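Below is the file target.cif, which contains mmCIF, C-alpha atoms.
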data_protein
loop_
_atom_site.label_atom_id
_atom_site.label_comp_id
_atom_site.auth_asym_id
_atom_site.auth_seq_id
_atom_site.Cartn_x
_atom_site.Cartn_y
_atom_site.Cartn_z
CA ASP A 206 1.67 -53.59 -13.31
CA GLY A 207 -0.45 -53.23 -10.17
CA HIS A 208 -3.00 -50.97 -11.86
CA ASP A 209 -6.70 -51.80 -11.49
CA TYR A 210 -8.25 -51.28 -14.89
CA VAL A 211 -11.18 -48.89 -15.14
CA GLU A 212 -14.07 -48.69 -17.62
CA ASN A 213 -16.60 -45.90 -17.03
CA SER A 214 -17.03 -44.69 -20.59
CA ILE A 215 -17.34 -46.32 -23.99
CA VAL A 216 -15.23 -43.48 -25.45
CA GLY A 217 -11.44 -43.67 -25.56
CA ASN A 218 -8.77 -46.36 -25.67
CA ASP A 219 -9.05 -48.34 -22.45
CA ASN A 220 -5.98 -50.48 -23.15
CA LEU A 221 -3.58 -47.54 -23.30
CA THR A 222 -1.47 -47.16 -20.14
CA THR A 223 1.51 -45.16 -21.43
CA ILE A 224 2.40 -43.34 -24.63
CA ASP A 225 5.55 -41.72 -26.01
CA LEU A 226 4.88 -38.39 -27.75
CA ILE A 227 8.54 -37.47 -28.29
CA SER A 228 8.07 -36.44 -31.94
CA VAL A 229 4.68 -34.72 -31.50
CA LYS A 230 4.46 -30.92 -31.71
CA LYS A 231 0.74 -30.36 -31.16
CA LEU A 232 -1.99 -31.99 -29.07
CA PRO A 233 -5.53 -31.32 -30.35
CA ASP A 234 -8.56 -30.68 -28.14
CA TYR A 235 -9.59 -33.73 -26.08
CA ALA A 236 -6.76 -35.75 -27.64
CA PHE A 237 -6.88 -38.63 -25.13
CA MET A 238 -10.44 -38.22 -23.86
CA SER A 239 -11.54 -41.12 -21.66
CA CYS A 240 -8.33 -43.11 -21.91
CA GLU A 241 -9.18 -44.12 -18.38
CA ASN A 242 -6.18 -46.36 -17.78
CA LEU A 243 -3.54 -43.98 -19.09
CA LEU A 244 -0.92 -43.67 -16.33
CA SER A 245 1.89 -41.66 -17.92
CA THR A 246 3.07 -39.96 -21.07
CA SER A 247 6.17 -38.14 -22.27
CA TYR A 248 6.79 -35.16 -24.54
CA GLY A 249 9.80 -34.19 -26.63
CA GLU A 250 11.59 -30.88 -27.05
CA GLU A 251 9.21 -29.66 -29.73
CA MET A 252 5.81 -30.17 -28.06
CA GLN A 253 4.54 -26.62 -28.07
CA TYR A 254 0.76 -26.47 -28.54
CA ILE A 255 -1.75 -28.06 -26.15
CA GLY A 256 -5.45 -27.93 -27.04
CA ALA A 257 -8.42 -27.88 -24.68
CA LEU A 258 -8.56 -30.60 -22.01
CA PRO A 259 -6.35 -33.14 -23.81
CA TYR A 260 -6.66 -35.54 -20.85
CA ARG A 261 -10.36 -35.20 -20.09
CA ASN A 262 -11.54 -38.19 -18.02
CA CYS A 263 -8.02 -39.64 -17.78
CA ARG A 264 -8.34 -40.00 -14.04
CA SER A 265 -5.46 -42.44 -13.67
CA LEU A 266 -2.92 -40.15 -15.35
CA THR A 267 -0.43 -38.73 -12.84
CA GLN A 268 2.79 -38.16 -14.76
CA ILE A 269 3.77 -36.19 -17.86
CA ASP A 270 7.52 -36.24 -18.51
CA ILE A 271 8.85 -33.13 -20.24
CA PRO A 272 12.56 -32.52 -20.95
CA GLU A 273 14.09 -29.39 -19.43
CA THR A 274 15.12 -28.39 -22.94
CA ASN A 275 11.45 -27.92 -23.95
CA PRO A 276 10.75 -24.16 -23.66
CA TYR A 277 7.04 -24.39 -24.46
CA VAL A 278 5.39 -26.68 -21.91
CA ARG A 279 5.71 -27.40 -18.18
CA PHE A 280 4.16 -29.91 -15.81
CA GLY A 281 4.13 -29.91 -12.04
CA ASN A 282 1.94 -31.30 -9.28
CA MET A 283 -0.53 -32.64 -11.86
CA ILE A 284 -1.05 -29.27 -13.56
CA LEU A 285 -0.11 -28.77 -17.24
CA TYR A 286 1.10 -25.33 -18.36
CA THR A 287 2.12 -23.66 -21.60
CA THR A 288 4.62 -20.79 -21.74
CA ASN A 289 4.80 -17.50 -23.65
CA LYS A 290 1.18 -16.56 -22.97
CA THR A 291 0.19 -12.88 -22.93
CA ASN A 292 -3.00 -12.02 -21.05
CA GLU A 293 -5.59 -9.27 -21.55
CA GLN A 294 -3.44 -6.80 -19.61
CA GLY A 295 -0.38 -7.42 -21.76
CA VAL A 296 1.44 -9.42 -19.09
CA SER A 297 3.40 -12.46 -20.31
CA GLY A 298 3.96 -15.75 -18.52
CA LEU A 299 2.41 -19.19 -18.13
CA GLU A 300 -1.10 -20.41 -18.89
CA ILE A 301 -2.74 -23.23 -16.96
CA VAL A 302 -4.07 -25.57 -19.64
CA GLU A 303 -5.42 -28.40 -17.51
CA CYS A 304 -5.35 -29.69 -13.98
CA LEU A 305 -5.44 -33.48 -14.22
CA GLU A 306 -8.68 -34.86 -12.84
CA GLY A 307 -6.92 -37.24 -10.47
CA ARG A 308 -5.44 -34.33 -8.49
CA GLY A 309 -6.27 -34.79 -4.81
CA ASN A 310 -7.39 -38.41 -5.16
CA ASN A 311 -5.25 -39.87 -2.41
CA GLY A 312 -6.60 -43.31 -3.16
CA THR A 313 -4.44 -43.43 -6.29
CA ASN A 314 -1.78 -40.76 -5.75
CA SER A 315 -0.39 -38.42 -3.12
CA SER A 316 -1.20 -35.11 -4.81
CA PRO A 317 -2.71 -32.42 -2.56
CA PHE A 318 -6.42 -31.61 -2.68
CA LYS A 319 -5.66 -27.91 -2.24
CA VAL A 320 -4.21 -25.86 -5.11
CA GLY A 321 -1.72 -23.15 -4.14
CA GLU A 322 1.95 -22.42 -3.61
CA SER A 323 1.71 -23.80 -0.06
CA SER A 324 0.68 -27.12 -1.64
CA GLY A 325 3.73 -27.25 -3.90
CA ASP A 326 2.34 -25.47 -6.97
CA THR A 327 5.52 -23.47 -7.44
CA TYR A 328 4.71 -22.30 -10.98
CA LEU A 329 1.65 -20.29 -9.92
CA SER A 330 3.59 -17.06 -9.45
CA GLU A 331 4.41 -17.16 -13.18
CA VAL A 332 0.80 -17.75 -14.29
CA VAL A 333 -0.93 -14.93 -16.21
CA SER A 334 -3.79 -16.88 -17.79
CA ILE A 335 -6.05 -19.90 -17.28
CA ALA A 336 -7.63 -21.78 -20.17
CA LYS A 337 -11.38 -22.41 -20.25
CA GLU A 338 -12.44 -25.39 -18.12
CA ALA A 339 -8.89 -25.88 -16.85
CA PHE A 340 -10.02 -27.14 -13.42
CA SER A 341 -13.26 -28.74 -14.59
CA TYR A 342 -14.13 -32.22 -13.30
CA CYS A 343 -11.44 -31.97 -10.59
CA ASP A 344 -13.89 -33.27 -8.04
CA GLU A 345 -11.37 -33.89 -5.25
CA ILE A 346 -10.07 -30.31 -5.05
CA THR A 347 -11.44 -28.39 -2.06
CA GLU A 348 -9.51 -25.13 -2.27
CA ALA A 349 -7.79 -23.07 -4.98
CA ASP A 350 -5.51 -20.25 -3.85
CA LEU A 351 -4.67 -18.31 -7.02
CA SER A 352 -3.60 -15.16 -5.16
CA THR A 353 0.01 -15.38 -6.35
CA THR A 354 -0.95 -15.50 -10.03
CA SER A 355 -1.36 -12.48 -12.29
CA ILE A 356 -4.56 -13.59 -14.01
CA SER A 357 -7.08 -10.93 -15.01
CA VAL A 358 -9.81 -13.35 -16.14
CA LEU A 359 -11.24 -16.44 -14.48
CA PRO A 360 -12.54 -18.14 -17.63
CA GLU A 361 -15.83 -19.79 -18.47
CA ARG A 362 -16.47 -23.07 -16.64
CA CYS A 363 -13.09 -22.85 -14.96
CA PHE A 364 -14.19 -25.02 -12.01
CA TYR A 365 -17.13 -26.79 -13.67
CA LYS A 366 -18.12 -29.89 -11.69
CA ALA A 367 -15.36 -29.43 -9.10
CA LYS A 368 -17.81 -30.99 -6.67
CA LYS A 369 -15.90 -30.47 -3.41
CA LEU A 370 -14.59 -26.98 -4.09
CA ASP A 371 -15.56 -24.62 -1.28
CA THR A 372 -12.83 -21.94 -1.20
CA VAL A 373 -11.23 -19.86 -3.95
CA ILE A 374 -8.84 -16.93 -3.48
CA LEU A 375 -8.29 -14.71 -6.51
CA PRO A 376 -5.44 -12.22 -7.08
CA ASP A 377 -5.54 -8.42 -6.97
CA SER A 378 -5.30 -8.43 -10.77
CA ILE A 379 -8.65 -10.22 -11.29
CA ALA A 380 -11.00 -8.15 -13.48
CA VAL A 381 -13.52 -10.65 -14.88
CA ILE A 382 -15.17 -13.85 -13.67
CA GLY A 383 -16.60 -15.69 -16.65
CA GLU A 384 -19.96 -17.34 -17.18
CA GLU A 385 -20.53 -20.63 -15.33
CA ALA A 386 -17.07 -20.39 -13.75
CA PHE A 387 -18.40 -22.17 -10.65
CA LEU A 388 -21.23 -24.16 -12.23
CA ASP A 389 -22.01 -27.42 -10.42
CA THR A 390 -19.38 -26.94 -7.71
CA ASN A 391 -20.05 -27.39 -3.97
CA SER A 392 -23.85 -27.46 -3.68
CA ASN A 393 -23.93 -26.12 -0.12
CA ARG A 394 -21.66 -23.09 0.07
CA ILE A 395 -18.64 -21.64 -1.68
CA GLU A 396 -16.49 -18.72 -0.54
CA VAL A 397 -14.62 -16.64 -3.11
CA THR A 398 -12.17 -13.86 -2.27
CA ILE A 399 -12.22 -11.09 -4.90
CA PRO A 400 -9.71 -8.36 -3.98
CA ASN A 401 -10.73 -6.07 -6.87
CA ALA A 402 -13.98 -4.23 -6.09
CA GLN A 403 -14.39 -3.43 -9.81
CA CYS A 404 -14.30 -7.07 -10.89
CA ALA A 405 -17.10 -7.92 -13.34
CA ILE A 406 -18.94 -11.13 -12.44
CA GLY A 407 -20.87 -13.03 -15.09
CA GLU A 408 -24.57 -13.49 -14.45
CA THR A 409 -24.23 -17.27 -14.42
CA ALA A 410 -20.80 -17.41 -12.77
CA PHE A 411 -22.27 -19.07 -9.67
CA ASP A 412 -24.71 -21.95 -9.44
CA LEU A 413 -27.46 -19.96 -7.71
CA ALA A 414 -30.24 -21.76 -9.58
CA SER A 415 -29.43 -24.97 -7.68
CA GLY A 416 -29.67 -23.22 -4.32
CA GLN A 417 -25.94 -22.78 -3.85
CA LYS A 418 -25.03 -20.24 -1.15
CA VAL A 419 -22.16 -17.98 -2.13
CA THR A 420 -19.99 -15.81 0.09
CA ILE A 421 -17.98 -13.15 -1.71
CA ARG A 422 -15.15 -11.73 0.36
CA GLY A 423 -13.79 -8.45 -0.90
CA PRO A 424 -12.51 -4.96 -0.10
CA GLN A 425 -14.35 -2.24 1.77
CA TYR A 426 -13.83 1.46 1.12
CA ASP A 427 -14.61 4.53 3.21
CA ALA A 428 -15.94 7.86 1.92
CA THR A 429 -12.52 8.85 0.60
CA GLY A 430 -12.14 5.63 -1.33
CA THR A 431 -9.54 4.18 1.02
CA LYS A 432 -9.41 0.44 1.41
CA THR A 433 -10.15 -0.35 5.05
CA SER A 434 -11.08 -3.95 5.71
CA ALA A 435 -12.63 -7.09 4.31
CA ILE A 436 -16.37 -7.53 4.20
CA TYR A 437 -18.64 -10.42 3.33
CA ASN A 438 -21.55 -10.32 0.92
CA TYR A 439 -24.02 -13.19 0.98
CA TYR A 440 -25.95 -14.39 -2.05
CA LEU A 441 -28.65 -16.89 -1.05
#

With the file now loaded, output its structure as structure tokens.
Amino acid sequence: DGHDYVENSIVGNDNLTTIDLISVKKLPDYAFMSCENLLSTSYGEEMQYIGALPYRNCRSLTQIDIPETNPYVRFGNMILYTTNKTNEQGVSGLEIVECLEGRGNNGTNSSPFKVGESSGDTYLSEVVSIAKEAFSYCDEITEADLSTTSISVLPERCFYKAKKLDTVILPDSIAVIGEEAFLDTNSNRIEVTIPNAQCAIGETAFDLASGQKVTIRGPQYDATGTKTSAIYNYYL
């Protein structure tokens, strides 16, 4: 089939290349963990619940076929979404469940290494929530522009081990950045745009212990509280 078989972990079914899940309604957490040669899968109309990181370490997986008649799940540009999610602010829309780890690996696929509407991620404007660790282990992604989403929380370990990530742009609605959200990302410098000056940042959100240099770009206010221009704060 032209696929070079991979074996980097003793966990998982290394002979599985494709699987039909037409009759399945629920995928549990880590359902296909380390099925390293899985290339594609397909859902039916009733697939409606997706657990945490169902395709962890499935770096060859590029395609999930979902019928248009399925109202619960969407897939586009190697990102898996669930629908009918309501966030902490009461806003309903999509939740990003998992970005497939092969995203941006142009050696095996043509997916972009930047996440954002300009890169073809057309569902982002409907996103109101991101699941924990959704972008973890995506070590080819360099930039994530989430400014068109309506998320209020960047969850724990959202970008854990996204080794090349150096730029993140968050939306005006962002209120919380969770613990270890950027743990073990770019070891040199990362720049994060946080439009909301009241955003709460977890103590371990950034990987400062490893010497990571962080630039936080955010709003500046004058004495009357008026937003004037962007400023940069450096954490060394």

*Leaving out Lys319 in chain A and any residue of its chain fewer than 5 positions from it, which residues lie within 8 Å of it when counting all atoms listed in the file, given as a list in words?*
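Result of the neighbour search: Gly309, Ser324, Ile346, Thr347, Glu348, Ala349 and Asp350 of chain A.
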
*Do you know which residues the PyMOL selection byres ((chain A and resi 298) around 12) returns on this file, as a ChimeraX atom specification?*
/A:276-279,286-297,299-301,328-335,354-356

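With CA of Asn275 in chain A on one side and CA of Pro376 in chain A on the other, the separation reads 28.6 Å.
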
*Go through A:Lys337, A:Thr267, A:Gly321, A:Glu250 one by one, measure the shortest atom-to-atom distance of each to Arg308 in chain A using only C-alpha atoms, and give the residue with the smallest value.*
A:Thr267

*Rounded to one decimal place, report the CA of Leu221 in chain A-CA of Val320 in chain A distance in Å.*
28.3 Å

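Taking only C-alpha atoms into account, Glu303 in chain A lies nearest to A:Asn282 out of the set A:Thr353, A:Asn282, A:Thr409, A:Ser323.
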
*What is the CA of Tyr365 in chain A to CA of Val229 in chain A distance in Å?*
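Spanning CA of Tyr365 in chain A to CA of Val229 in chain A is a straight-line distance of 29.3 Å.
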
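The shortest atom-to-atom distance to Ala414 in chain A, with all atoms listed in the file taken into account, belongs to A:Phe387 out of A:Ala367, A:Phe387, A:Glu338, A:Thr246.
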
*asked:* For this structure, which residues satisfy the selection - the PyMOL selection byres ((chain A and resi 400) around 10) - when it is evaluated on the file as given? I want them as a ChimeraX atom specification.
replied: /A:352,374-380,397-399,401-404,421-425,435

*If the PyMOL selection byres ((chain A and resi 252) around 7) is run on the structure shown, which residues does it catch, given as an MDAnalysis selection string?*
chainID A and resid 229:231 248:251 253:254 277

*Have a look at A:Thr420, A:Asn310, A:Ser239, A:Ser357 and name the one nearest to Lys369 in chain A; count all atoms listed in the file.*
A:Asn310

*Looking at A:Ala236, A:Ile271, A:Ile255, A:Val373, which one is nearest to Ala386 in chain A, with distances taken over only C-alpha atoms?*
A:Val373

Range 371-390 of chain A, all listed atoms, 6 Å padding on each side: what axis-aligned box centre and edge lengths in Å to one decimal come out, as lines of an AutoDock Vina configuration file?
center_x = -13.7
center_y = -17.8
center_z = -9.2
size_x = 28.7
size_y = 31.3
size_z = 28.0

*asked:* List the spatial neighbours of Ile382 in chain A as a list of chain:residue names - criterion: any atom at most 7 Å away, only C-alpha atoms, same-chain residues fewer than 5 positions off excluded.
replied: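 The neighbour list is A:Val358, A:Leu359, A:Pro360, A:Ala405, A:Ile406, A:Gly407, A:Ala410.
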